[in-house]
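Structure, as structure tokens:
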Amino acid sequence: MSDSTVSVALCTYNGERFVREQVRSICLQTRPPMEIVLSDDASRDDCVAVARAAVDECMREKPGLHVQLRVLANPVALRVVKNFEQAVRACTGTLIALSDQDDVWYPDRLERLVAEFNRRPDLLLLHSDARLVDAQGAALGGTLFHAIEVTPHELQRMHGGQAFDVLLRRNVVTGATTVFRRTLLESALPFPVEWVHDEWLAIVASAVGRVDTVEDSLIDYRQHESNQIGARRDSFMGKVRKALASRGNTHVERAYKAELLLAQLERLGAAVDPATVDKVRGKLEHQNFRARLPASRIARCMPVLREAMTGRYDKFGRGVRGVVRDLFESV
């Protein structure tokens, strides 16, 4: 019998429209959590009161159920990353499940994921696919993994213990689908605001432990006009527009994110394989190269082709897609 306990870190902001359904789906799990830590980011609506009422409803409907709701109310908004940091810092369970305010969990979600953690002591973070639904909860005909174009090769590498290599190229972990051991926070805190909280947790977890994927959809991931972070698969024309769009500060920002990750892993010392740290140094070098490319498309051609010959576009980015963007993006 496992002694795993589960905390849910639920972040809200003006979420009264959807939060009741989400809180009910959390409380009525076949394996309920022991607590929900709700961190509200200066909402101007009644979402906290709605969440409290939803917990009370569930405990009246299901005798013997006890889920503690603890509310952290921010008088001034912290924004997404720091609001989630505040929530997870307050969690006391051995496992922490991240939750958005507008999704719906399938009834056996926690039971399935907790069983994986109990079976695999080396597992540090686990995430899943999700069904995409609209504001009314109707299926949109696709999944999260389809929308973000997760490939069979990426899934194979995640299952095979190579999650860090996958995540160094690009993030495929969505917080709304994620559960992790609270011990991860010893390595991941504080969250840098330059990174989204879920991608930071995932890549740090993959540097110090095991990260894996459940390929089944375990939640309904709601897509609506108020999503702060949503999921949509780019069309062919959308990809073309991105390839021709302005470079802006994208590569400078990505280089800085790599610097922050490198500094964090170096601080962790012996907890991180030196080969992993070397990979981040390579990523940083590649991003600095991309950030320094000249404005002239013609002048970029030879440097980009030489960089492509090194294999670093494949190792640290989206391969041919990155080459095309660097050749054609405007300044």
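So you can find residues: chains in the structure tokens are A, B, ... in the order shown, residues in each start at 1, and ligands are numbered from 1 in order.
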For A:Arg318, please output as an MDAnalysis selection string all residues within 12 Å (counting only C-alpha atoms; exclusion window: fewer than 4 positions along the same chain).
chainID A and resid 149:151 154 166:171 308 311:314 322:326
Once DSSP has gone over the backbone, tell me which residues of stretch 83-157 of chain A are in strand (DSSP E), as a VMD selection string.
chain A and resid 95 to 99 104 to 105 123 to 133 139 to 143
Just the alpha helix (DSSP H) stuff from stretch 47-263 of chain A, please, per backbone DSSP, written as number ranges by chain.
A: 47-61, 80-90, 109-119, 144-147, 152-159, 163-169, 185-188, 197-208, 236-244, 250-263
Which one is closest to A:Asp56: A:Arg24, A:Arg70, A:Arg321, A:Arg89? Count only C-alpha atoms.
A:Arg24
6 Å contact set for A:Ile36, only C-alpha atoms, chain neighbours under 6 positions out, as an MDAnalysis selection string
chainID A and resid 7:8 69
May I have the selected residues written with all heavy atoms, as a PDB file, in the first residue's frame?
ATOM      1  N   SER A   7      -1.605  16.558  -4.026  1.00  0.00           N
ATOM      2  CA  SER A   7      -2.091  17.930  -3.966  1.00  0.00           C
ATOM      3  C   SER A   7      -2.379  18.393  -5.383  1.00  0.00           C
ATOM      4  O   SER A   7      -1.663  18.039  -6.318  1.00  0.00           O
ATOM      5  CB  SER A   7      -1.043  18.865  -3.351  1.00  0.00           C
ATOM      6  OG  SER A   7      -0.738  18.530  -2.024  1.00  0.00           O
ATOM      7  N   VAL A   8      -3.402  19.209  -5.529  1.00  0.00           N
ATOM      8  CA  VAL A   8      -3.705  19.823  -6.820  1.00  0.00           C
ATOM      9  C   VAL A   8      -3.399  21.312  -6.717  1.00  0.00           C
ATOM     10  O   VAL A   8      -3.911  21.998  -5.832  1.00  0.00           O
ATOM     11  CB  VAL A   8      -5.177  19.610  -7.212  1.00  0.00           C
ATOM     12  CG1 VAL A   8      -5.488  20.340  -8.526  1.00  0.00           C
ATOM     13  CG2 VAL A   8      -5.488  18.125  -7.347  1.00  0.00           C
ATOM     14  N   LEU A  69      -9.765  22.422   0.702  1.00  0.00           N
ATOM     15  CA  LEU A  69      -9.519  23.521  -0.227  1.00  0.00           C
ATOM     16  C   LEU A  69      -8.816  24.640   0.526  1.00  0.00           C
ATOM     17  O   LEU A  69      -9.329  25.156   1.517  1.00  0.00           O
ATOM     18  CB  LEU A  69     -10.830  24.042  -0.824  1.00  0.00           C
ATOM     19  CG  LEU A  69     -10.698  25.273  -1.735  1.00  0.00           C
ATOM     20  CD1 LEU A  69      -9.910  24.939  -2.995  1.00  0.00           C
ATOM     21  CD2 LEU A  69     -12.074  25.834  -2.095  1.00  0.00           C
TER      22      LEU A  69
END
Excluding A:Phe84 and any residue of its chain fewer than 4 positions from it, enumerate the residues within 9 Å of it, using only C-alpha atoms, and give them as a PyMOL selection string.
chain A and resi 9-11+39+79-80+88-89+98+197
Taking N, CA, C and O atoms for each residue, export the selection above as an mmCIF file, in the first residue's frame.
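And here is the file that came out, again-v1.cif:
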data_model
loop_
_atom_site.group_PDB
_atom_site.id
_atom_site.type_symbol
_atom_site.label_atom_id
_atom_site.label_comp_id
_atom_site.auth_asym_id
_atom_site.auth_seq_id
_atom_site.Cartn_x
_atom_site.Cartn_y
_atom_site.Cartn_z
ATOM 1 N N ALA A 9 -2.544 21.785 -7.612
ATOM 2 C CA ALA A 9 -2.230 23.215 -7.687
ATOM 3 C C ALA A 9 -3.111 23.821 -8.772
ATOM 4 O O ALA A 9 -2.850 23.653 -9.971
ATOM 5 N N LEU A 10 -4.171 24.494 -8.341
ATOM 6 C CA LEU A 10 -5.165 25.067 -9.251
ATOM 7 C C LEU A 10 -5.011 26.581 -9.273
ATOM 8 O O LEU A 10 -5.146 27.242 -8.233
ATOM 9 N N CYS A 11 -4.734 27.120 -10.452
ATOM 10 C CA CYS A 11 -4.595 28.571 -10.571
ATOM 11 C C CYS A 11 -5.803 29.144 -11.299
ATOM 12 O O CYS A 11 -6.236 28.603 -12.324
ATOM 13 N N SER A 39 -4.760 29.098 -6.102
ATOM 14 C CA SER A 39 -4.081 30.389 -6.064
ATOM 15 C C SER A 39 -4.783 31.300 -7.061
ATOM 16 O O SER A 39 -4.702 31.095 -8.280
ATOM 17 N N ARG A 79 0.720 36.972 -12.326
ATOM 18 C CA ARG A 79 0.783 36.414 -13.673
ATOM 19 C C ARG A 79 1.025 34.907 -13.570
ATOM 20 O O ARG A 79 1.300 34.345 -12.519
ATOM 21 N N VAL A 80 0.913 34.248 -14.736
ATOM 22 C CA VAL A 80 0.779 32.785 -14.757
ATOM 23 C C VAL A 80 1.924 32.060 -14.068
ATOM 24 O O VAL A 80 1.713 31.213 -13.193
ATOM 25 N N VAL A 88 2.337 25.749 -6.118
ATOM 26 C CA VAL A 88 3.061 24.505 -5.859
ATOM 27 C C VAL A 88 3.895 24.602 -4.586
ATOM 28 O O VAL A 88 4.089 23.594 -3.888
ATOM 29 N N ARG A 89 4.385 25.789 -4.271
ATOM 30 C CA ARG A 89 5.132 25.954 -3.011
ATOM 31 C C ARG A 89 4.256 25.618 -1.809
ATOM 32 O O ARG A 89 4.752 25.137 -0.778
ATOM 33 N N LEU A 98 -0.838 19.671 -11.584
ATOM 34 C CA LEU A 98 -1.142 21.028 -12.025
ATOM 35 C C LEU A 98 -2.531 21.068 -12.654
ATOM 36 O O LEU A 98 -2.939 20.129 -13.339
ATOM 37 N N HIS A 197 5.923 27.831 -16.795
ATOM 38 C CA HIS A 197 6.160 26.944 -15.648
ATOM 39 C C HIS A 197 6.233 25.474 -16.030
ATOM 40 O O HIS A 197 7.053 24.716 -15.496
#
Give the answer as one residue: which of A:Trp200, A:Asp220, A:Lys279, A:Gln22 has the shortest atom-to-atom distance to A:Leu140, using only C-alpha atoms?
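Checking each candidate against A:Leu140, we get A:Asp220 as the closest.
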So, counting only C-alpha atoms, which residue among A:Asp216, A:Glu285, A:Asp41, A:Asp46 is closest to A:Asp108?
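Using only C-alpha atoms, A:Asp108 sits closest to A:Asp216.
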Quick one: residues within 7 Å of A:Ser217, only C-alpha atoms counted, chain neighbours fewer than 6 positions away excluded, as a PyMOL selection string?
chain A and resi 128-131
